[in-house]
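Since the structure comes first, as structure tokens, the remarks are kept for the end.
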Amino acid sequence: MATEPLPLAGLTVVAVEQAVSAPFATRQLADLGARVIKVERPDGGDFARGYDTAARGMASHFVWANRGKESLCLDLKDPRGREVLHALLEDADVFVQNLAQGAAARLGIDAAALCARYPRLVAVDISGYGCGGPYAHKRAYDMLVQCEAGLVSVTGTPERPVKAGIPAADIAAAMYAFSGVLAALLRRGTTGRGGPVEISMLESLAEWMGHPLHHTMHGGEQPVRTGLAHAVIAPYDAYATADGDRVLLSVQNDREWRRLAREVLERPELAEDPRYATNAARTRGREDTDAVVAGVLGKLPAGEAVERLEAAGIACARLNSVAQLAGHPQLAARDRWREVDSPAGPLRALLPPIGLPGGAEARMGAVPALGEHTDALLRALGITEARIAELRGDGVVA
């Protein structure tokens with residue numbers, strides 16, 4: 001049986017991008033078959049290249065968000081650099097940028113300007129706070145947007161708020177940019193016209209704040225920070241085991257509590273004890289509830305605790321480290337790991353979460369070296385070797 005091609009094969013994406021939000025969005029497009037041309041500054045390129053050296057000398061953020069792309073070093077402040085960019089856009093399907101607010105407009109490459117010039121182009125502007133309003137020109141790093149969006153206020157312990165351990169605002173914006181591109185391409189298929197797509201990190205993360213936001217607006221109280229616990233469900237937390245691990249469990253209803261008491265805690269008298277028999281009672285007496293559960297699980301190795309919980313039909317999980325995620329048996333069993341080429345050699349990477357059974361596997365191309373594809377791209381545009389040498393000598397390309 002023939003394999004269906006990747007859904008974005010044949011599409012060309014040009015991206016003037018840096019850090020995480022735009023690069024992660026365009027990596028999704030590359031994984032699904034699009035050709036992604038990443039435009040970088042000649043003087044060092046995407047600054048995420050320098051975040052760390054954890055990935056065999058390369059930055060872990062960059063490796064994660066930039067596989068499968070072609071790197072073109074181009075000085076867009078020079079008119080000759082912008083000429084090259086526009087030559088690429090003549091045949092491009094999608095353009096994505098996440099420069100500082102106002103920078104793209106000053107260069108004439110904001111979404112509105114480009115869509116007016118190239119009617120079939122889908123052009124995406126990603127910003128921190130949107131193109132208008134009092135915060136439009138405010139610096140918008142991920143942690144700052146997490147704070148502005150209220151995520152930090154609901155994350156952490158009662159004593160201390162904490163930011164998410166991943167760049168949640170960047171990822172939220174990236175995924176809305178990705179889905180926005182797909183929607184605009186679908187519209188272009190029926191209208192023949194592309195159009196602008198506008199994404200802000202604040203608005204993306206505000207949407208993800210839906211539960212606490214609606215709870216607060218309509219209930220009048222902000223959900224309290226509870227660490228790994230739940231504000232209105234008990235037991236629902238991580239409990240230490242005899243071998244030093246921690247096991248999480250969640251009892252969602254009173255039937256589950258009765259099973260927990262009888263089959264896991266081996267204390268059947270607690271099943272109907274009025275102090276624990278209802279979720280309302282267990283939540284009121286959360287400290288006692290947690291002490292009862294902790295007292296039993298603390299005497300069991302983590303493996304035995306999980307076996308008992310699963311046998312009783314109680315939702316549970318191990319509190320894994322990142323290293324344990326990298327060795328997770330479920331990811332291994334489902335064959336989710338591949339190798340991606342890079343300037344430092346092969347790197348282990350996860351298949352993207354979007355599965356297309358019956359179709360070609362995601363195209364997990366190499367992580368590009370800075371300017372690796374500059375000459376090839378310029379030659380493909382018909383630029384002569386003498387002109388390339390001139391542009392390189394003047395620092396317009398690298």
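FYI, nothing fancy with the structure tokens labels: chains A, B, ... in order, residues from 1 per chain, ligands from 1 as they appear.
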Each residue of range 314-384 of chain A with at least one atom at most 9 Å from range 25-38 of chain A should appear once, together with its nearest atom pair and the corresponding distance in Å (one decimal); atoms considered: only C-alpha atoms; ordering: chain, then increasing residue number; output as JSON lines.
{"residue": "A:Leu351", "atom": "CA", "partner": "A:Asp31", "partner_atom": "CA", "distance": 8.9}
{"residue": "A:Pro352", "atom": "CA", "partner": "A:Asp31", "partner_atom": "CA", "distance": 7.4}
{"residue": "A:Ile354", "atom": "CA", "partner": "A:Leu32", "partner_atom": "CA", "distance": 9.0}
{"residue": "A:Glu361", "atom": "CA", "partner": "A:Leu32", "partner_atom": "CA", "distance": 8.5}
{"residue": "A:Ala362", "atom": "CA", "partner": "A:Asp31", "partner_atom": "CA", "distance": 5.1}
{"residue": "A:Arg363", "atom": "CA", "partner": "A:Asp31", "partner_atom": "CA", "distance": 4.8}
{"residue": "A:Met364", "atom": "CA", "partner": "A:Asp31", "partner_atom": "CA", "distance": 5.6}
{"residue": "A:Gly365", "atom": "CA", "partner": "A:Asp31", "partner_atom": "CA", "distance": 7.7}
{"residue": "A:His373", "atom": "CA", "partner": "A:Ile37", "partner_atom": "CA", "distance": 8.9}
{"residue": "A:Leu377", "atom": "CA", "partner": "A:Ile37", "partner_atom": "CA", "distance": 9.0}
Original post:
Near range 175-177 of chain A, counting only C-alpha atoms, which residues have an atom at most 12 Å away, once you skip same-chain residues fewer than 5 positions from it, shown as a PyMOL selection string?
Top reply: chain A and resi 20-29+94-98+122-127+168-170+182-184+196-205+207-208
Original post:
Using only C-alpha atoms, which residues sit within 12 Å of Ala55 in chain A once same-chain residues fewer than 2 positions away are excluded, as a ChimeraX atom specification?
Top reply: /A:49-53,57-64,340,342-349,367
Subject >> Shell around Gly395 in chain A at 12 Å using only C-alpha atoms, local window under 6 positions removed, as a list in words >> reply: Arg41, Pro42, Asp43, Cys73, Leu74, Asp75, Leu76, Lys77, Asp78, Arg80, Gly81, Ile388 and Ala389 of chain A
Writing out the chosen residues with C-alpha atoms as an mmCIF file, in the first residue's frame:
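Saved file selection17.cif follows:
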data_model
loop_
_atom_site.group_PDB
_atom_site.id
_atom_site.type_symbol
_atom_site.label_atom_id
_atom_site.label_comp_id
_atom_site.auth_asym_id
_atom_site.auth_seq_id
_atom_site.Cartn_x
_atom_site.Cartn_y
_atom_site.Cartn_z
ATOM 1 C CA ARG A 41 21.714 37.556 11.575
ATOM 2 C CA PRO A 42 25.244 37.313 10.135
ATOM 3 C CA ASP A 43 26.725 38.300 13.508
ATOM 4 C CA CYS A 73 22.557 34.473 7.206
ATOM 5 C CA LEU A 74 21.218 37.797 5.969
ATOM 6 C CA ASP A 75 21.536 41.393 7.182
ATOM 7 C CA LEU A 76 18.002 42.733 6.816
ATOM 8 C CA LYS A 77 19.064 46.245 7.774
ATOM 9 C CA ASP A 78 20.923 46.426 4.471
ATOM 10 C CA ARG A 80 20.502 44.305 -0.447
ATOM 11 C CA GLY A 81 19.634 41.849 2.302
ATOM 12 C CA ILE A 388 27.669 36.425 -3.578
ATOM 13 C CA ALA A 389 31.325 37.195 -2.907
#
Subject >> Long-range neighbours of Asp91 in chain A as a list in words, 10 Å cut-off, only C-alpha atoms, 4 positions minimum in chain >> reply: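 Final neighbour list, sorted by chain and number: Leu11, Thr12, Val13, Val14, His86, Ala87, Tyr118, Arg120 and Leu121 of chain A.
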Original post:
as a PyMOL selection string, which residues of range 93-334 of chain A does DSSP assign to strand (DSSP E)?
Top reply: chain A and resi 94-97+122-127+195-200+236-240+246-250+315-318
**OP:** Report as JSON, numbers by chain: the residues of range 101-301 of chain A with a DSSP assignment of helix (DSSP H, G or I), based on the backbone of this structure.
**Re:** {"A": [103, 104, 105, 106, 107, 111, 112, 113, 114, 115, 116, 117, 142, 143, 144, 145, 146, 147, 148, 152, 153, 154, 168, 169, 170, 171, 172, 173, 174, 175, 176, 177, 178, 179, 180, 181, 182, 183, 184, 185, 186, 187, 188, 189, 190, 191, 201, 202, 203, 204, 205, 206, 207, 208, 210, 211, 212, 213, 214, 215, 216, 217, 218, 219, 254, 255, 256, 257, 258, 259, 260, 261, 262, 263, 264, 268, 269, 270, 279, 280, 281, 282, 283, 284, 286, 287, 288, 289, 290, 291, 292, 293, 294, 295, 296, 297]}
